[in-house]
>>> print(open('model13.txt').read())   # compact mmCIF, N, CA and C atoms
# COMPACT_ATOMS: atom_id res chain seq x y z
N MET H 1 -16.43 -13.29 -197.05
CA MET H 1 -15.25 -13.75 -196.36
C MET H 1 -15.46 -13.52 -194.88
N ASP H 2 -15.19 -14.54 -194.10
CA ASP H 2 -15.39 -14.36 -192.66
C ASP H 2 -14.19 -13.67 -192.02
N LYS H 3 -14.38 -13.22 -190.79
CA LYS H 3 -13.39 -12.40 -190.09
C LYS H 3 -12.07 -13.13 -189.90
N SER H 4 -12.09 -14.42 -189.59
CA SER H 4 -10.83 -15.15 -189.36
C SER H 4 -10.00 -15.24 -190.63
N ASN H 5 -10.64 -15.44 -191.78
CA ASN H 5 -9.91 -15.46 -193.05
C ASN H 5 -9.31 -14.11 -193.36
N MET H 6 -10.07 -13.04 -193.12
CA MET H 6 -9.56 -11.69 -193.39
C MET H 6 -8.40 -11.37 -192.45
N ASP H 7 -8.49 -11.76 -191.19
CA ASP H 7 -7.38 -11.53 -190.25
C ASP H 7 -6.12 -12.23 -190.72
N LEU H 8 -6.24 -13.46 -191.20
CA LEU H 8 -5.09 -14.21 -191.71
C LEU H 8 -4.47 -13.50 -192.91
N VAL H 9 -5.30 -13.06 -193.83
CA VAL H 9 -4.80 -12.38 -195.02
C VAL H 9 -4.08 -11.09 -194.64
N LEU H 10 -4.65 -10.32 -193.75
CA LEU H 10 -4.02 -9.07 -193.33
C LEU H 10 -2.71 -9.33 -192.60
N ASP H 11 -2.64 -10.39 -191.81
CA ASP H 11 -1.39 -10.75 -191.13
C ASP H 11 -0.31 -11.11 -192.14
N ILE H 12 -0.67 -11.87 -193.16
CA ILE H 12 0.29 -12.25 -194.21
C ILE H 12 0.75 -11.02 -194.97
N PHE H 13 -0.18 -10.15 -195.34
CA PHE H 13 0.17 -8.92 -196.07
C PHE H 13 1.13 -8.07 -195.23
N LYS H 14 0.84 -7.93 -193.95
CA LYS H 14 1.70 -7.13 -193.07
C LYS H 14 3.08 -7.75 -192.95
N ALA H 15 3.15 -9.07 -192.85
CA ALA H 15 4.45 -9.74 -192.75
C ALA H 15 5.28 -9.56 -194.01
N LEU H 16 4.63 -9.59 -195.17
CA LEU H 16 5.35 -9.46 -196.43
C LEU H 16 5.74 -8.01 -196.75
N SER H 17 4.86 -7.08 -196.44
CA SER H 17 5.11 -5.69 -196.83
C SER H 17 5.68 -4.84 -195.70
N GLY H 18 5.53 -5.28 -194.47
CA GLY H 18 6.04 -4.53 -193.33
C GLY H 18 5.11 -3.43 -192.85
N GLU H 19 4.00 -3.23 -193.54
CA GLU H 19 3.05 -2.19 -193.14
C GLU H 19 1.64 -2.61 -193.52
N LEU H 20 0.67 -1.92 -192.97
CA LEU H 20 -0.72 -2.23 -193.23
C LEU H 20 -1.47 -0.93 -193.54
N PRO H 21 -1.81 -0.69 -194.82
CA PRO H 21 -2.54 0.53 -195.17
C PRO H 21 -3.89 0.59 -194.48
N GLU H 22 -4.46 1.79 -194.43
CA GLU H 22 -5.76 1.97 -193.78
C GLU H 22 -6.90 1.34 -194.57
N GLN H 23 -6.78 1.31 -195.89
CA GLN H 23 -7.86 0.76 -196.71
C GLN H 23 -7.30 -0.17 -197.78
N PHE H 24 -8.09 -1.18 -198.11
CA PHE H 24 -7.76 -2.17 -199.12
C PHE H 24 -8.93 -2.36 -200.05
N LEU H 25 -8.63 -2.88 -201.21
CA LEU H 25 -9.65 -3.42 -202.11
C LEU H 25 -9.42 -4.92 -202.16
N TYR H 26 -10.49 -5.70 -202.07
CA TYR H 26 -10.34 -7.14 -202.22
C TYR H 26 -11.46 -7.69 -203.09
N ARG H 27 -11.14 -8.82 -203.74
CA ARG H 27 -12.10 -9.48 -204.62
C ARG H 27 -11.97 -10.97 -204.40
N GLU H 28 -13.12 -11.62 -204.18
CA GLU H 28 -13.14 -13.07 -204.01
C GLU H 28 -13.47 -13.72 -205.34
N SER H 29 -12.82 -14.85 -205.60
CA SER H 29 -13.05 -15.60 -206.82
C SER H 29 -12.98 -17.08 -206.48
N GLY H 30 -14.13 -17.68 -206.23
CA GLY H 30 -14.14 -19.09 -205.83
C GLY H 30 -13.49 -19.26 -204.48
N ASP H 31 -12.43 -20.06 -204.42
CA ASP H 31 -11.74 -20.27 -203.15
C ASP H 31 -10.44 -19.47 -203.05
N SER H 32 -10.32 -18.42 -203.84
CA SER H 32 -9.15 -17.54 -203.76
C SER H 32 -9.62 -16.08 -203.78
N PHE H 33 -8.72 -15.18 -203.44
CA PHE H 33 -9.08 -13.77 -203.52
C PHE H 33 -7.84 -12.94 -203.77
N GLU H 34 -8.07 -11.71 -204.23
CA GLU H 34 -7.01 -10.75 -204.51
C GLU H 34 -7.13 -9.60 -203.53
N LEU H 35 -6.00 -9.04 -203.16
CA LEU H 35 -5.94 -7.94 -202.23
C LEU H 35 -5.08 -6.85 -202.84
N ARG H 36 -5.56 -5.61 -202.85
CA ARG H 36 -4.81 -4.49 -203.41
C ARG H 36 -4.89 -3.30 -202.46
N THR H 37 -3.85 -2.49 -202.47
CA THR H 37 -3.90 -1.22 -201.77
C THR H 37 -4.41 -0.16 -202.73
N LEU H 38 -4.88 0.94 -202.20
CA LEU H 38 -5.38 2.00 -203.06
C LEU H 38 -4.26 2.59 -203.91
N GLU H 39 -3.03 2.59 -203.39
CA GLU H 39 -1.90 3.10 -204.16
C GLU H 39 -1.59 2.23 -205.37
N SER H 40 -1.91 0.95 -205.30
CA SER H 40 -1.56 0.03 -206.38
C SER H 40 -2.51 0.09 -207.57
N ILE H 41 -3.61 0.83 -207.46
CA ILE H 41 -4.58 0.83 -208.55
C ILE H 41 -4.35 1.96 -209.54
N GLY H 42 -3.34 2.78 -209.30
CA GLY H 42 -2.99 3.83 -210.24
C GLY H 42 -4.06 4.89 -210.37
N ASN H 43 -4.47 5.18 -211.60
CA ASN H 43 -5.45 6.22 -211.86
C ASN H 43 -6.89 5.75 -211.72
N SER H 44 -7.09 4.47 -211.45
CA SER H 44 -8.46 3.96 -211.29
C SER H 44 -9.06 4.49 -210.00
N MET H 45 -10.35 4.67 -210.02
CA MET H 45 -11.07 5.10 -208.82
C MET H 45 -11.62 3.87 -208.11
N PRO H 46 -11.57 3.84 -206.77
CA PRO H 46 -12.13 2.68 -206.05
C PRO H 46 -13.58 2.40 -206.42
N SER H 47 -14.37 3.45 -206.66
CA SER H 47 -15.78 3.23 -207.02
C SER H 47 -15.91 2.50 -208.35
N GLU H 48 -15.01 2.78 -209.30
CA GLU H 48 -15.02 2.08 -210.58
C GLU H 48 -14.68 0.61 -210.39
N MET H 49 -13.72 0.33 -209.54
CA MET H 49 -13.32 -1.06 -209.31
C MET H 49 -14.38 -1.83 -208.53
N GLN H 50 -15.12 -1.13 -207.67
CA GLN H 50 -16.18 -1.80 -206.93
C GLN H 50 -17.26 -2.32 -207.87
N GLY H 51 -17.44 -1.66 -208.99
CA GLY H 51 -18.40 -2.12 -209.97
C GLY H 51 -17.99 -3.41 -210.66
N SER H 52 -16.69 -3.77 -210.57
CA SER H 52 -16.21 -5.00 -211.20
C SER H 52 -15.85 -6.08 -210.17
N GLY H 53 -16.52 -6.03 -209.03
CA GLY H 53 -16.37 -7.10 -208.04
C GLY H 53 -15.42 -6.80 -206.89
N TRP H 54 -14.75 -5.67 -206.90
CA TRP H 54 -13.84 -5.32 -205.80
C TRP H 54 -14.63 -4.69 -204.66
N ASN H 55 -14.23 -4.98 -203.43
CA ASN H 55 -14.85 -4.41 -202.25
C ASN H 55 -13.81 -3.60 -201.50
N LEU H 56 -14.22 -2.44 -200.99
CA LEU H 56 -13.35 -1.56 -200.24
C LEU H 56 -13.54 -1.83 -198.76
N ILE H 57 -12.45 -2.09 -198.06
CA ILE H 57 -12.52 -2.33 -196.62
C ILE H 57 -11.45 -1.52 -195.93
N GLY H 58 -11.65 -1.25 -194.65
CA GLY H 58 -10.64 -0.64 -193.81
C GLY H 58 -10.06 -1.70 -192.91
N CYS H 59 -8.77 -1.61 -192.62
CA CYS H 59 -8.14 -2.67 -191.82
C CYS H 59 -8.67 -2.66 -190.40
N GLN H 60 -9.23 -1.52 -189.92
CA GLN H 60 -9.83 -1.51 -188.60
C GLN H 60 -11.10 -2.36 -188.55
N VAL H 61 -11.80 -2.44 -189.68
CA VAL H 61 -13.02 -3.24 -189.76
C VAL H 61 -12.69 -4.72 -189.68
N ALA H 62 -11.63 -5.11 -190.39
CA ALA H 62 -11.26 -6.52 -190.42
C ALA H 62 -10.68 -6.91 -189.09
>>> encode(input="model13.txt", output="structure tokens")
Amino acid sequence: MDKSNMDLVLDIFKALSGELPEQFLYRESGDSFELRTLESIGNSMPSEMQGSGWNLIGCQVA
């Protein structure tokens, strides 16, 4: 995912939720992608989810 697409997604997430967490998990699937906060994954570990196609990013990186 290029930087402009990630910036757009983060802007939309911030507009909808009112805040922007420090870290996200995202997964691309064709021409769509999913975005999750670490709080939304419950008892799952980010490293476990990374093995199934999720990538961990910090909003400062994007």
>>> select_by_dssp(input="model13.txt", residues="chain H", states="alpha helix (DSSP H)", output="JSON, numbers by chain")
{"H": [3, 4, 5, 6, 7, 8, 9, 10, 11, 12, 13, 14, 15, 16, 17, 46, 47, 48, 49, 50]}
>>> select_by_dssp(input="model13.txt", residues="chain H", states="strand (DSSP E)", output="list in words")
Gln23, Phe24, Leu25, Tyr26, Arg27, Glu28, Ser29, Ser32, Phe33, Glu34, Leu35, Arg36, Thr37, Asn55, Leu56, Ile57 and Gly58 of chain H
>>> atom_distance(input="model13.txt", atom1="CA of Glu19 (chain H)", atom2="CA of Gly51 (chain H)")
27.3 Å
>>> atom_distance(input="model13.txt", atom1="atom N of Tyr26 (chain H)", atom2="CA of Ile57 (chain H)")
6.7 Å
>>> atom_distance(input="model13.txt", atom1="CA of Gly53 (chain H)", atom2="CA of Glu28 (chain H)")
7.9 Å
>>> closest_residue(input="model13.txt", among="H:Asp7, H:Gly18, H:Ser52, H:Gln23", to="Ser40 (chain H)", atoms="only C-alpha atoms")
H:Gln23
>>> residues_around(input="model13.txt", residues="Leu56 (chain H)", least_positions_apart="6", cutoff="6.5 Å", atoms="all atoms listed in the file", output="ChimeraX atom specification")
/H:24-26,50
>>> axis_aligned_box(input="model13.txt", around="region 12-21 of chain H", padding_each_side="4 Å", output="JSON")
{"center_x": 1.1, "center_y": -5.8, "center_z": -194.8, "size_x": 17.9, "size_y": 20.8, "size_z": 12.1}
